[in-house]
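Engineer: File name entry.txt; file contents compact mmCIF, N, CA and C atoms; full text below.
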```
# COMPACT_ATOMS: atom_id res chain seq x y z
N MET A 1 134.76 98.01 129.74
CA MET A 1 135.92 98.00 130.61
C MET A 1 135.50 97.71 132.05
N SER A 2 134.35 98.21 132.46
CA SER A 2 133.92 97.95 133.83
C SER A 2 133.59 96.47 134.03
N ARG A 3 133.04 95.81 133.01
CA ARG A 3 132.78 94.37 133.10
C ARG A 3 134.08 93.58 133.19
N LEU A 4 135.08 94.01 132.45
CA LEU A 4 136.38 93.35 132.53
C LEU A 4 136.96 93.52 133.93
N ASP A 5 136.90 94.73 134.47
CA ASP A 5 137.40 94.98 135.81
C ASP A 5 136.66 94.12 136.84
N THR A 6 135.34 94.01 136.70
CA THR A 6 134.55 93.18 137.61
C THR A 6 134.97 91.72 137.50
N SER A 7 135.16 91.24 136.29
CA SER A 7 135.57 89.85 136.08
C SER A 7 136.95 89.58 136.66
N LEU A 8 137.88 90.48 136.44
CA LEU A 8 139.22 90.31 136.99
C LEU A 8 139.17 90.25 138.52
N LYS A 9 138.35 91.12 139.11
CA LYS A 9 138.23 91.14 140.56
C LYS A 9 137.65 89.82 141.06
N ARG A 10 136.58 89.35 140.41
CA ARG A 10 135.96 88.08 140.82
C ARG A 10 136.92 86.91 140.67
N LEU A 11 137.72 86.93 139.63
CA LEU A 11 138.68 85.86 139.38
C LEU A 11 139.93 85.97 140.27
N GLY A 12 140.12 87.13 140.86
CA GLY A 12 141.31 87.36 141.67
C GLY A 12 142.56 87.46 140.82
N LEU A 13 142.41 88.04 139.62
CA LEU A 13 143.52 88.15 138.67
C LEU A 13 143.79 89.60 138.31
N ASP A 14 145.01 89.86 137.89
CA ASP A 14 145.37 91.18 137.38
C ASP A 14 145.14 91.28 135.88
N TYR A 15 145.14 90.12 135.20
CA TYR A 15 144.98 90.10 133.75
C TYR A 15 144.45 88.74 133.31
N VAL A 16 143.95 88.68 132.09
CA VAL A 16 143.59 87.42 131.44
C VAL A 16 144.50 87.24 130.24
N ASP A 17 144.74 86.01 129.87
CA ASP A 17 145.60 85.75 128.72
C ASP A 17 144.95 86.18 127.42
N ILE A 18 143.66 85.90 127.25
CA ILE A 18 142.95 86.27 126.01
C ILE A 18 141.62 86.89 126.37
N LEU A 19 141.31 88.01 125.74
CA LEU A 19 139.99 88.60 125.83
C LEU A 19 139.41 88.57 124.42
N TYR A 20 138.24 87.96 124.29
CA TYR A 20 137.62 87.77 122.98
C TYR A 20 136.54 88.80 122.69
N HIS A 21 136.55 89.28 121.46
CA HIS A 21 135.40 89.98 120.88
C HIS A 21 134.49 88.82 120.46
N HIS A 22 133.40 88.64 121.18
CA HIS A 22 132.65 87.39 121.12
C HIS A 22 131.50 87.36 120.11
N ASN A 23 131.33 86.18 119.51
CA ASN A 23 130.20 85.84 118.65
C ASN A 23 130.04 86.78 117.46
N VAL A 24 131.11 87.00 116.77
CA VAL A 24 131.12 87.88 115.60
C VAL A 24 130.70 87.07 114.37
N GLY A 25 129.78 87.61 113.58
CA GLY A 25 129.28 86.87 112.43
C GLY A 25 129.49 87.57 111.09
N LYS A 26 130.03 88.77 111.11
CA LYS A 26 130.24 89.51 109.87
C LYS A 26 131.54 90.30 109.94
N LYS A 27 132.09 90.56 108.78
CA LYS A 27 133.34 91.32 108.68
C LYS A 27 133.22 92.68 109.38
N GLU A 28 132.09 93.36 109.14
CA GLU A 28 131.97 94.69 109.72
C GLU A 28 131.97 94.66 111.23
N PHE A 29 131.45 93.59 111.84
CA PHE A 29 131.48 93.49 113.30
C PHE A 29 132.88 93.14 113.79
N ALA A 30 133.62 92.37 113.00
CA ALA A 30 135.00 92.04 113.37
C ALA A 30 135.84 93.32 113.42
N LEU A 31 135.50 94.26 112.57
CA LEU A 31 136.26 95.51 112.47
C LEU A 31 135.59 96.67 113.19
N TYR A 32 134.64 96.37 114.07
CA TYR A 32 133.89 97.37 114.81
C TYR A 32 134.84 98.13 115.73
N GLU A 33 135.09 99.38 115.40
CA GLU A 33 136.13 100.16 116.08
C GLU A 33 135.94 100.33 117.58
N PRO A 34 134.71 100.54 118.08
CA PRO A 34 134.60 100.66 119.54
C PRO A 34 135.07 99.41 120.28
N ALA A 35 134.75 98.24 119.75
CA ALA A 35 135.20 96.98 120.39
C ALA A 35 136.72 96.86 120.28
N MET A 36 137.26 97.18 119.13
CA MET A 36 138.71 97.09 118.95
C MET A 36 139.45 98.07 119.86
N ARG A 37 138.92 99.27 120.00
CA ARG A 37 139.55 100.26 120.89
C ARG A 37 139.52 99.78 122.34
N ALA A 38 138.41 99.16 122.76
CA ALA A 38 138.30 98.67 124.13
C ALA A 38 139.31 97.55 124.37
N LEU A 39 139.45 96.63 123.41
CA LEU A 39 140.44 95.57 123.54
C LEU A 39 141.85 96.14 123.61
N GLU A 40 142.12 97.09 122.75
CA GLU A 40 143.44 97.71 122.72
C GLU A 40 143.75 98.43 124.03
N LYS A 41 142.76 99.13 124.56
CA LYS A 41 142.94 99.84 125.84
C LYS A 41 143.22 98.84 126.96
N ALA A 42 142.47 97.75 126.98
CA ALA A 42 142.67 96.73 128.02
C ALA A 42 144.07 96.14 127.93
N LYS A 43 144.55 95.95 126.72
CA LYS A 43 145.90 95.40 126.55
C LYS A 43 146.95 96.42 127.00
N LYS A 44 146.79 97.67 126.61
CA LYS A 44 147.75 98.71 127.03
C LYS A 44 147.79 98.87 128.53
N GLU A 45 146.65 98.64 129.20
CA GLU A 45 146.60 98.76 130.65
C GLU A 45 147.09 97.49 131.36
N GLY A 46 147.47 96.48 130.57
CA GLY A 46 148.00 95.25 131.14
C GLY A 46 146.94 94.29 131.67
N LYS A 47 145.69 94.51 131.33
CA LYS A 47 144.61 93.65 131.80
C LYS A 47 144.38 92.46 130.88
N VAL A 48 144.97 92.52 129.69
CA VAL A 48 144.79 91.49 128.67
C VAL A 48 146.13 91.28 127.99
N ARG A 49 146.50 90.03 127.78
CA ARG A 49 147.75 89.76 127.06
C ARG A 49 147.53 89.64 125.55
N HIS A 50 146.41 89.02 125.16
CA HIS A 50 146.17 88.81 123.73
C HIS A 50 144.72 89.12 123.40
N MET A 51 144.51 89.65 122.19
CA MET A 51 143.18 90.02 121.75
C MET A 51 142.67 88.99 120.76
N GLY A 52 141.46 88.50 121.01
CA GLY A 52 140.90 87.46 120.16
C GLY A 52 139.52 87.80 119.66
N ILE A 53 139.03 86.91 118.82
CA ILE A 53 137.70 87.04 118.23
C ILE A 53 137.09 85.65 118.15
N THR A 54 135.79 85.55 118.41
CA THR A 54 135.11 84.26 118.28
C THR A 54 134.02 84.36 117.22
N THR A 55 133.78 83.24 116.57
CA THR A 55 132.71 83.18 115.58
C THR A 55 132.05 81.81 115.60
N HIS A 56 130.71 81.84 115.56
CA HIS A 56 129.92 80.62 115.57
C HIS A 56 129.26 80.39 114.21
N GLY A 57 129.41 81.32 113.30
CA GLY A 57 128.81 81.22 111.98
C GLY A 57 129.49 82.18 111.03
N ASN A 58 129.35 81.91 109.73
CA ASN A 58 130.02 82.72 108.71
C ASN A 58 131.52 82.79 109.01
N GLU A 59 132.04 81.66 109.43
CA GLU A 59 133.40 81.56 109.93
C GLU A 59 134.46 82.05 108.95
N PRO A 60 134.43 81.63 107.68
CA PRO A 60 135.50 82.08 106.77
C PRO A 60 135.60 83.60 106.66
N GLU A 61 134.46 84.28 106.55
CA GLU A 61 134.48 85.74 106.43
C GLU A 61 135.09 86.39 107.67
N VAL A 62 134.73 85.90 108.83
CA VAL A 62 135.24 86.48 110.08
C VAL A 62 136.73 86.18 110.24
N ILE A 63 137.14 84.96 109.91
CA ILE A 63 138.56 84.63 110.01
C ILE A 63 139.38 85.50 109.07
N HIS A 64 138.92 85.67 107.84
CA HIS A 64 139.65 86.52 106.89
C HIS A 64 139.72 87.96 107.40
N ALA A 65 138.63 88.46 107.97
CA ALA A 65 138.63 89.82 108.51
C ALA A 65 139.62 89.94 109.66
N ALA A 66 139.67 88.93 110.52
CA ALA A 66 140.61 88.95 111.65
C ALA A 66 142.05 88.99 111.15
N VAL A 67 142.34 88.18 110.15
CA VAL A 67 143.70 88.15 109.59
C VAL A 67 144.03 89.49 108.94
N ASP A 68 143.13 89.95 108.08
CA ASP A 68 143.38 91.19 107.33
C ASP A 68 143.50 92.41 108.24
N SER A 69 142.84 92.36 109.40
CA SER A 69 142.89 93.50 110.32
C SER A 69 144.27 93.69 110.93
N LYS A 70 145.05 92.61 111.00
CA LYS A 70 146.36 92.65 111.67
C LYS A 70 146.22 93.13 113.12
N PHE A 71 145.06 92.93 113.70
CA PHE A 71 144.75 93.38 115.05
C PHE A 71 144.63 92.20 116.01
N TYR A 72 143.86 91.21 115.60
CA TYR A 72 143.60 90.06 116.46
C TYR A 72 144.79 89.10 116.46
N GLU A 73 144.95 88.43 117.60
CA GLU A 73 146.04 87.48 117.75
C GLU A 73 145.55 86.04 117.83
N VAL A 74 144.26 85.87 118.14
CA VAL A 74 143.68 84.55 118.30
C VAL A 74 142.28 84.55 117.70
N VAL A 75 141.94 83.45 117.01
CA VAL A 75 140.56 83.25 116.56
C VAL A 75 140.04 81.97 117.21
N GLN A 76 138.83 82.05 117.72
CA GLN A 76 138.14 80.87 118.26
C GLN A 76 136.96 80.63 117.35
N VAL A 77 136.90 79.45 116.75
CA VAL A 77 135.98 79.22 115.65
C VAL A 77 135.26 77.88 115.79
N ALA A 78 133.97 77.88 115.46
CA ALA A 78 133.24 76.62 115.35
C ALA A 78 133.83 75.86 114.17
N TYR A 79 134.21 74.60 114.40
CA TYR A 79 134.90 73.83 113.36
C TYR A 79 134.71 72.34 113.63
N ASN A 80 134.02 71.67 112.71
CA ASN A 80 133.80 70.24 112.86
C ASN A 80 133.45 69.59 111.52
N HIS A 81 133.46 68.28 111.51
CA HIS A 81 133.25 67.51 110.29
C HIS A 81 131.83 67.59 109.76
N ARG A 82 130.89 68.05 110.55
CA ARG A 82 129.49 68.11 110.14
C ARG A 82 129.14 69.40 109.39
N GLN A 83 130.02 70.38 109.43
CA GLN A 83 129.74 71.64 108.75
C GLN A 83 129.87 71.45 107.23
N LYS A 84 128.87 71.87 106.50
CA LYS A 84 128.89 71.72 105.05
C LYS A 84 129.99 72.56 104.41
N HIS A 85 130.38 73.62 105.06
CA HIS A 85 131.40 74.53 104.51
C HIS A 85 132.76 74.36 105.20
N HIS A 86 133.02 73.19 105.77
CA HIS A 86 134.27 73.00 106.52
C HIS A 86 135.51 73.17 105.65
N ALA A 87 135.42 72.92 104.35
CA ALA A 87 136.59 73.13 103.47
C ALA A 87 136.95 74.61 103.40
N LYS A 88 135.94 75.47 103.36
CA LYS A 88 136.20 76.92 103.33
C LYS A 88 136.76 77.40 104.66
N ILE A 89 136.29 76.80 105.74
CA ILE A 89 136.85 77.15 107.05
C ILE A 89 138.31 76.72 107.10
N ARG A 90 138.60 75.52 106.61
CA ARG A 90 139.98 75.02 106.59
C ARG A 90 140.89 75.97 105.82
N GLU A 91 140.44 76.46 104.68
CA GLU A 91 141.24 77.41 103.88
C GLU A 91 141.48 78.70 104.66
N ALA A 92 140.45 79.20 105.33
CA ALA A 92 140.60 80.43 106.12
C ALA A 92 141.56 80.20 107.29
N LEU A 93 141.49 79.02 107.90
CA LEU A 93 142.40 78.72 109.01
C LEU A 93 143.84 78.62 108.53
N ALA A 94 144.03 78.16 107.31
CA ALA A 94 145.39 78.13 106.75
C ALA A 94 145.93 79.55 106.61
N LYS A 95 145.07 80.47 106.19
CA LYS A 95 145.48 81.87 106.10
C LYS A 95 145.81 82.43 107.49
N ALA A 96 144.98 82.07 108.47
CA ALA A 96 145.23 82.52 109.85
C ALA A 96 146.55 81.95 110.35
N GLY A 97 146.79 80.69 110.08
CA GLY A 97 148.04 80.07 110.50
C GLY A 97 149.25 80.72 109.87
N SER A 98 149.15 81.01 108.59
CA SER A 98 150.26 81.68 107.89
C SER A 98 150.53 83.07 108.44
N ALA A 99 149.48 83.71 108.94
CA ALA A 99 149.61 85.06 109.51
C ALA A 99 150.05 85.03 110.97
N GLY A 100 150.17 83.84 111.54
CA GLY A 100 150.63 83.74 112.92
C GLY A 100 149.56 83.83 113.98
N LEU A 101 148.29 83.74 113.60
CA LEU A 101 147.23 83.78 114.60
C LEU A 101 147.08 82.43 115.28
N GLY A 102 146.80 82.47 116.57
CA GLY A 102 146.45 81.26 117.29
C GLY A 102 145.05 80.85 116.91
N VAL A 103 144.79 79.54 116.85
CA VAL A 103 143.48 79.04 116.47
C VAL A 103 142.97 78.08 117.54
N VAL A 104 141.80 78.41 118.07
CA VAL A 104 141.11 77.56 119.03
C VAL A 104 139.84 77.07 118.33
N ALA A 105 139.69 75.76 118.18
CA ALA A 105 138.49 75.20 117.57
C ALA A 105 137.49 74.84 118.66
N MET A 106 136.23 75.23 118.44
CA MET A 106 135.16 74.88 119.38
C MET A 106 134.06 74.17 118.60
N LYS A 107 133.10 73.64 119.33
CA LYS A 107 132.00 72.87 118.73
C LYS A 107 132.55 71.74 117.87
N THR A 108 133.61 71.14 118.35
CA THR A 108 134.36 70.16 117.58
C THR A 108 133.63 68.84 117.39
N LEU A 109 132.61 68.58 118.18
CA LEU A 109 131.83 67.36 118.01
C LEU A 109 130.60 67.60 117.15
N GLY A 110 130.41 68.79 116.70
CA GLY A 110 129.32 69.08 115.77
C GLY A 110 127.94 69.05 116.37
N GLY A 111 127.83 69.23 117.67
CA GLY A 111 126.52 69.26 118.30
C GLY A 111 125.89 67.91 118.55
N GLY A 112 126.58 66.85 118.16
CA GLY A 112 125.99 65.52 118.30
C GLY A 112 126.52 64.73 119.47
N GLU A 113 127.17 65.38 120.41
CA GLU A 113 127.83 64.64 121.49
C GLU A 113 126.87 63.78 122.30
N LYS A 114 125.60 64.15 122.39
CA LYS A 114 124.64 63.36 123.17
C LYS A 114 124.37 62.01 122.52
N ASN A 115 124.47 61.97 121.20
CA ASN A 115 124.17 60.74 120.47
C ASN A 115 125.43 60.01 119.98
N MET A 116 126.59 60.47 120.38
CA MET A 116 127.84 59.88 119.90
C MET A 116 128.35 58.82 120.86
N GLY A 117 128.89 57.78 120.26
CA GLY A 117 129.63 56.81 121.04
C GLY A 117 131.05 57.31 121.19
N LYS A 118 131.83 56.64 122.03
CA LYS A 118 133.21 57.06 122.27
C LYS A 118 134.04 57.03 120.98
N THR A 119 133.81 56.02 120.15
CA THR A 119 134.59 55.90 118.91
C THR A 119 134.30 57.05 117.97
N GLU A 120 133.03 57.39 117.81
CA GLU A 120 132.66 58.50 116.91
C GLU A 120 133.17 59.83 117.46
N ALA A 121 133.10 60.02 118.77
CA ALA A 121 133.61 61.27 119.36
C ALA A 121 135.11 61.39 119.15
N ARG A 122 135.83 60.30 119.35
CA ARG A 122 137.29 60.33 119.11
C ARG A 122 137.59 60.66 117.66
N ALA A 123 136.83 60.07 116.74
CA ALA A 123 137.04 60.33 115.31
C ALA A 123 136.78 61.80 114.99
N ALA A 124 135.73 62.38 115.60
CA ALA A 124 135.42 63.80 115.36
C ALA A 124 136.54 64.69 115.87
N LEU A 125 137.05 64.40 117.05
CA LEU A 125 138.16 65.19 117.60
C LEU A 125 139.42 65.02 116.76
N LYS A 126 139.67 63.81 116.32
CA LYS A 126 140.85 63.54 115.49
C LYS A 126 140.74 64.31 114.16
N TRP A 127 139.53 64.37 113.62
CA TRP A 127 139.32 65.11 112.36
C TRP A 127 139.76 66.57 112.52
N VAL A 128 139.36 67.20 113.62
CA VAL A 128 139.72 68.61 113.86
C VAL A 128 141.22 68.73 114.11
N LEU A 129 141.75 67.85 114.94
CA LEU A 129 143.16 67.95 115.33
C LEU A 129 144.13 67.62 114.20
N GLN A 130 143.64 67.00 113.13
CA GLN A 130 144.52 66.74 111.99
C GLN A 130 144.88 68.02 111.25
N ASP A 131 144.13 69.08 111.47
CA ASP A 131 144.41 70.36 110.81
C ASP A 131 145.60 71.01 111.51
N PRO A 132 146.71 71.20 110.81
CA PRO A 132 147.90 71.74 111.45
C PRO A 132 147.76 73.19 111.92
N ASN A 133 146.71 73.86 111.49
CA ASN A 133 146.51 75.25 111.90
C ASN A 133 145.69 75.38 113.18
N VAL A 134 145.15 74.28 113.68
CA VAL A 134 144.41 74.28 114.94
C VAL A 134 145.42 74.04 116.07
N HIS A 135 145.47 74.96 117.01
CA HIS A 135 146.43 74.88 118.10
C HIS A 135 145.88 74.21 119.33
N THR A 136 144.59 74.36 119.58
CA THR A 136 143.94 73.70 120.71
C THR A 136 142.44 73.63 120.41
N ILE A 137 141.75 72.81 121.20
CA ILE A 137 140.30 72.66 120.98
C ILE A 137 139.54 72.80 122.28
N ILE A 138 138.27 73.12 122.12
CA ILE A 138 137.28 73.00 123.18
C ILE A 138 136.45 71.80 122.73
N ALA A 139 136.55 70.73 123.47
CA ALA A 139 136.05 69.44 122.98
C ALA A 139 134.53 69.34 122.90
N GLY A 140 133.79 70.07 123.72
CA GLY A 140 132.34 69.91 123.73
C GLY A 140 131.65 70.65 122.63
```
Using C-alpha cells, write down the structure that the file contains.
Structural biologist:
Amino acid sequence: MSRLDTSLKRLGLDYVDILYHHNVGKKEFALYEPAMRALEKAKKEGKVRHMGITTHGNEPEVIHAAVDSKFYEVVQVAYNHRQKHHAKIREALAKAGSAGLGVVAMKTLGGGEKNMGKTEARAALKWVLQDPNVHTIIAG
C-alpha cells in the first residue's frame, strides 16, 4: 500500500484505473490472499478502479484462476502467434470474455520485433486483434 501511495503521489493522481497483481505464473499465486486483500483495500479506499492480474507464462492456468476467482476484472496476458500453446490461451480468453473480464494482450509481436519488417509486424498485430476477446494490446 505504501508503494501505491508513493506512485500515486509521483503521478499526481488520486487513483489509477487498473492495479495489477503482476507476473503471476500459477493458480495459487493468482489466489494469493494477501495480494488480493491489498488490491481490495486499495479499491475500497478509492485508489484503484479495477483489479487486474498479469501473466507472462502458464497463461491458460492463470486466466482460468482469474475467471474462477470472480475477483479480478482485467487480465493482461502474453499472447502472440509464436506461442506453441496459443490455442489454449485463446480458449482461456474466450472464458474470460464470457465472464466479462477485460483482456489486454502484451508481447503481441512474439519477441521478434527487432527482426520483423513492417508487413510481418502488422500481420502479428492483426493475428492478435482478430480475437474478439482481446480488448486492447500493448504492441511491443
Engineer: Could you write out, as a list in words, all the residues of chain A that DSSP marks as strand (DSSP E)?
Structural biologist: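 Filtering chain A down to strand (DSSP E) leaves Val16, Asp17, Ile18, Leu19, Tyr20, His21, Val48, Arg49, His50, Met51, Gly52, Ile53, Thr54, Thr55, Val74, Val75, Gln76, Val77, Ala78, Gly102, Val103, Val104, Ala105, Met106, Thr136 and Ile137 of chain A.
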Engineer: Record the distance separating atom N of Tyr15 in chain A and atom C of Met1 in chain A, expressed in Å with one decimal.
Structural biologist: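 Atom C of Met1 in chain A lies at a distance of 12.7 Å from atom N of Tyr15 in chain A.
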Engineer: Using DSSP on the backbone coordinates, identify the residues of range 12-138 of chain A assigned to helix (DSSP H, G or I); present them as a count of residues only.
Structural biologist: 55
Engineer: Please, what distance in Å, to one decimal, runs between atom C of Asp68 in chain A and atom N of Leu109 in chain A?
Structural biologist: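 Result for atom C of Asp68 in chain A versus atom N of Leu109 in chain A: 28.0 Å, one decimal.
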Engineer: Considering all atoms listed in the file, return as a ChimeraX atom specification whatever protein or nucleic-acid residues lie within 6 Å of His50 in chain A, sequence-local ones (same chain, fewer than 5 positions apart) excluded.
Structural biologist: /A:16-19,73
Engineer: How far is it from atom N of Ala96 in chain A to atom N of Ala65 in chain A, in Å with one decimal?
Structural biologist: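 Interatomic distance here is 9.0 Å.
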Engineer: Measuring between only C-alpha atoms, which one of A:Ala78, A:Leu101, A:Ala35, A:Met116 shows the shortest distance to Ile137 in chain A?
Structural biologist: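 Looking only at the distances to Ile137 in chain A, the closest residue turns out to be A:Ala78.
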Engineer: Counting all atoms listed in the file, figure out which residue out of A:Lys47, A:His135, A:His22, A:Arg10 gets nearest to Val104 in chain A.
Structural biologist: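 Result for the nearest residue to Val104 in chain A: A:His135.
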